[in-house]
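Okay, so here's the structure we're looking at.
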Amino acid sequence: MKTKVCLIQDSPVFFDKSKTLEKVEALTKKYAKEGCQLIVFPESFVPGYPRGFDFGATIGSRSAEGRALYKEYHQHSFDTESGDLKKMERLAKEQNVYLILGVTERDGTSGSLYCSMLYFSPKDGLLGVHRKIKPTGTERIVWAEASGNHLTTFQTKIGKLGGLICWENYMPLARMAMYNKGVEIYIAPTADARKEWTATMVHIALEGRCFVLGCNQYFTKEMVPEKYQNLVVNEPEVMSAGGSVIVSPLGKIIAGPLFNSSGALIAELDLDGIKESKLDFDVIGHYARNDIFQMNVMNQPEMKKEKNPAKKK
C-alpha cells in the first residue's frame, strides 16, 4: 500500500488564530489537489510557537504584563469544543485528506493550555488528540502536562498513525509506547531546527522500523507582529530554520531536510517497506527479549480504528 504524504514547512499568522486557520485551509487545499492523502502541520502552528517569550515569569514572581500576554495567547488557542474543530473536520472531509495539525489547545474545563497534535480523518472527523506529556524547559510556564491517556494511536485506511511532539521524542519509554502499538507512520512535529534533530528522526525510523515525518515551521523575526518585537530582540533573524524531513524504516532520508525557506516536502510511502525492514530488526518482535524486559504504560488507550475508512485517491 502506498500513501502520498505532505509536510508543511511554513509560518502561522502569529498569534492570530482565525487568519492562521485560513492559511491552514489554503495550504491543505493546495496540496490535496496534488493528490496528497496525509497533510501534516508543525508544532503549535496555531496560533504560533512563542519562541523568545517569557510571559513575565521568573522564579518567585510573575508580572501583570506577562499575565495579559498569556490571556491573549489563551484567547487565540485552539478550542476543540468550538467552531474551530468543525472547520477543520469540514476541511478534511471536503478535501478527502487526513490532516494532522499542531496547535496550542485550550482546555474548556480547566482553562489550561496544552501543546497538542490533532488527528483528522476525512470520514470520521476528529480521530483524537495527543497532548505533549512533558513540555520542555520554560514551555512549562504556558503548557500543562498530559497523562498517558493522550498517548494516542490510530488505525486508518492509509496506515497506523501515531507520534510524539518535539522533545518527547527523546523519551525512550514514550517512543516505545508508540512502537508497541505498531505505528507505521510516526509523526514528529517540532520547533527544533538544529541539524542534530535530523539524526534523531533517522534514529527513530531505524529503531521503530517505521516511516518518520518530522515537521517544523520556517519563521523569521520580521514575521513577529510589531507589538511583540520587544520580546524577541535577542532572537536571531531566522528564528526557526525548519529542517522538515521524511525518513524510511531503514533510516534513509526520502525528502529533505528542508532548511531556510518555506515550502512543503512530498513523498510516496510504500508501507510494504516496513515488513522488509523487519527482517533483521523488530523492536517489538524478534528483537524484543520479552523474557528480560517488560513495558507498562499507565492509561494508554488502545489503538483507535476508523469507523468509516475513506477510499484512497
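So you can find residues: chains in the C-alpha cells are A, B, ... in the order shown, residues in each start at 1, and ligands are numbered from 1 in order.
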
*Show which residues sit within 7 Å of Lys221 of chain A, as an NGL selection string. Count only C-alpha atoms, and ignore same-chain residues fewer than 4 positions away.*
:A and (237-239)

Write out the residues from the selection above, keeping C-alpha atoms, as a PDB file, in the first residue's frame.
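Dumped everything to part-v4.pdb:
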ATOM      1  CA  GLU A 237      16.741  36.962  12.315  1.00  0.00           C
ATOM      2  CA  VAL A 238      15.788  33.406  11.348  1.00  0.00           C
ATOM      3  CA  MET A 239      14.049  32.210  14.491  1.00  0.00           C
TER       4      MET A 239
END

*Give me the residues within 9 Å of segment 26-31 of chain A as a VMD selection string, counting only C-alpha atoms and dropping any in the same chain fewer than 6 places off.*
chain A and resid 6 8 37 39 91 to 92 95 97 99 264

_Taking the DSSP secondary structure from the backbone, can you list the residues of segment 53-290 of chain A that are alpha helix (DSSP H), as a count of residues only?_
53

_d(atom CA of Leu269 of chain A, atom CA of Trp167 of chain A) in Å_ = 24.7 Å

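With only C-alpha atoms as the atoms that count, the minimum distance from Pro172 of chain A to the choices A:Glu105, A:Arg194, A:Ser244, A:Met295 is reached by A:Met295.
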
*Who sits within 6 Å of segment 181-191 of chain A, only C-alpha atoms, same chain under 5 positions skipped, as a VMD selection string*: chain A and resid 42 to 43 160 to 166 210 to 216

Taking C-alpha atoms for each residue, export the selection above as a compact mmCIF listing (two decimals), in the first residue's frame.
# COMPACT_ATOMS: atom_id res chain seq x y z
CA PRO A 42 4.20 21.75 12.64
CA GLU A 43 4.14 22.03 16.43
CA LYS A 160 -1.31 3.07 11.54
CA LEU A 161 -0.67 6.63 12.74
CA GLY A 162 0.92 7.92 15.94
CA GLY A 163 3.77 10.04 17.17
CA LEU A 164 5.20 12.48 19.68
CA ILE A 165 5.83 16.22 19.78
CA CYS A 166 9.33 17.72 19.74
CA CYS A 210 8.53 2.97 10.70
CA PHE A 211 8.28 5.96 8.40
CA VAL A 212 9.06 9.15 10.31
CA LEU A 213 7.65 12.57 9.37
CA GLY A 214 9.49 15.40 11.14
CA CYS A 215 7.72 18.71 10.52
CA ASN A 216 8.84 22.19 11.62

List the neighbours of Ser248 of chain A out to 9 Å using only C-alpha atoms; skip same-chain residues closer than 3 positions along the sequence, and give me the result as a short mmCIF file (atom, residue, chain, number, x, y, z; two decimals) with N, CA and C atoms, in the first residue's frame.
data_model
loop_
_atom_site.label_atom_id
_atom_site.label_comp_id
_atom_site.auth_asym_id
_atom_site.auth_seq_id
_atom_site.Cartn_x
_atom_site.Cartn_y
_atom_site.Cartn_z
N VAL A 202 16.20 10.11 12.03
CA VAL A 202 16.76 8.91 11.42
C VAL A 202 16.82 7.78 12.44
N ALA A 205 13.34 6.26 13.07
CA ALA A 205 12.93 5.41 11.94
C ALA A 205 13.60 4.04 12.01
N LEU A 206 14.90 4.04 12.29
CA LEU A 206 15.64 2.78 12.40
C LEU A 206 15.18 1.96 13.59
N ARG A 209 11.38 0.99 13.08
CA ARG A 209 11.08 0.40 11.77
C ARG A 209 9.75 0.94 11.24
N CYS A 210 9.72 2.27 11.16
CA CYS A 210 8.53 2.97 10.70
C CYS A 210 8.96 4.16 9.85
N PHE A 211 8.03 4.70 9.08
CA PHE A 211 8.28 5.96 8.40
C PHE A 211 8.15 7.09 9.42
N VAL A 212 9.07 8.03 9.38
CA VAL A 212 9.06 9.15 10.31
C VAL A 212 8.90 10.45 9.54
N GLY A 251 16.06 4.03 7.76
CA GLY A 251 16.85 5.20 8.13
C GLY A 251 17.34 6.01 6.95
N LYS A 252 16.78 5.79 5.77
CA LYS A 252 17.18 6.55 4.59
C LYS A 252 16.30 7.79 4.46
N ILE A 253 16.91 8.94 4.24
CA ILE A 253 16.15 10.17 4.07
C ILE A 253 15.50 10.18 2.69
N ILE A 254 14.18 10.26 2.68
CA ILE A 254 13.41 10.24 1.43
C ILE A 254 13.24 11.65 0.89
N LEU A 269 4.93 6.97 0.35
CA LEU A 269 5.42 5.94 1.27
C LEU A 269 4.85 4.59 0.88
N GLY A 273 7.49 -1.57 2.71
CA GLY A 273 8.88 -1.42 3.13
C GLY A 273 9.07 -1.66 4.62
N ILE A 274 8.00 -1.49 5.39
CA ILE A 274 8.09 -1.76 6.84
C ILE A 274 8.30 -3.23 7.08
#

Please, which residues in segment 52-164 of chain A fall within 9 Å of segment 18-22 of chain A when counting only C-alpha atoms, and what is the closest atom pair and distance in Å to one decimal for each, ordered by chain then residue number, as CSV?
residue,atom,partner,partner_atom,distance
A:His76,CA,A:Ser18,CA,8.0
A:Asp84,CA,A:Leu21,CA,8.2
A:Lys87,CA,A:Leu21,CA,8.6
A:Met88,CA,A:Leu21,CA,8.3

With N, CA and C atoms retained, export the selected residues as a PDB file, in the first residue's frame.
ATOM      1  N   HIS A  76      -6.341  33.046  21.633  1.00  0.00           N
ATOM      2  CA  HIS A  76      -6.081  32.642  20.252  1.00  0.00           C
ATOM      3  C   HIS A  76      -5.720  31.167  20.120  1.00  0.00           C
ATOM      4  N   ASP A  84     -13.843  26.036  15.792  1.00  0.00           N
ATOM      5  CA  ASP A  84     -12.500  25.699  15.303  1.00  0.00           C
ATOM      6  C   ASP A  84     -12.470  24.249  14.828  1.00  0.00           C
ATOM      7  N   LYS A  87     -14.614  23.460  11.702  1.00  0.00           N
ATOM      8  CA  LYS A  87     -13.996  23.979  10.485  1.00  0.00           C
ATOM      9  C   LYS A  87     -12.944  23.015   9.958  1.00  0.00           C
ATOM     10  N   MET A  88     -12.121  22.468  10.832  1.00  0.00           N
ATOM     11  CA  MET A  88     -11.066  21.545  10.407  1.00  0.00           C
ATOM     12  C   MET A  88     -11.639  20.189   9.988  1.00  0.00           C
TER      13      MET A  88
END

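Among the candidate residues A:Pro236, A:Gly242, A:Pro47, A:Gly102, the one lying nearest to Cys115 of chain A is A:Gly102, with distances computed using only C-alpha atoms.
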
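Atom CA of Gln155 of chain A is found 14.2 Å from atom CA of Ile100 of chain A.
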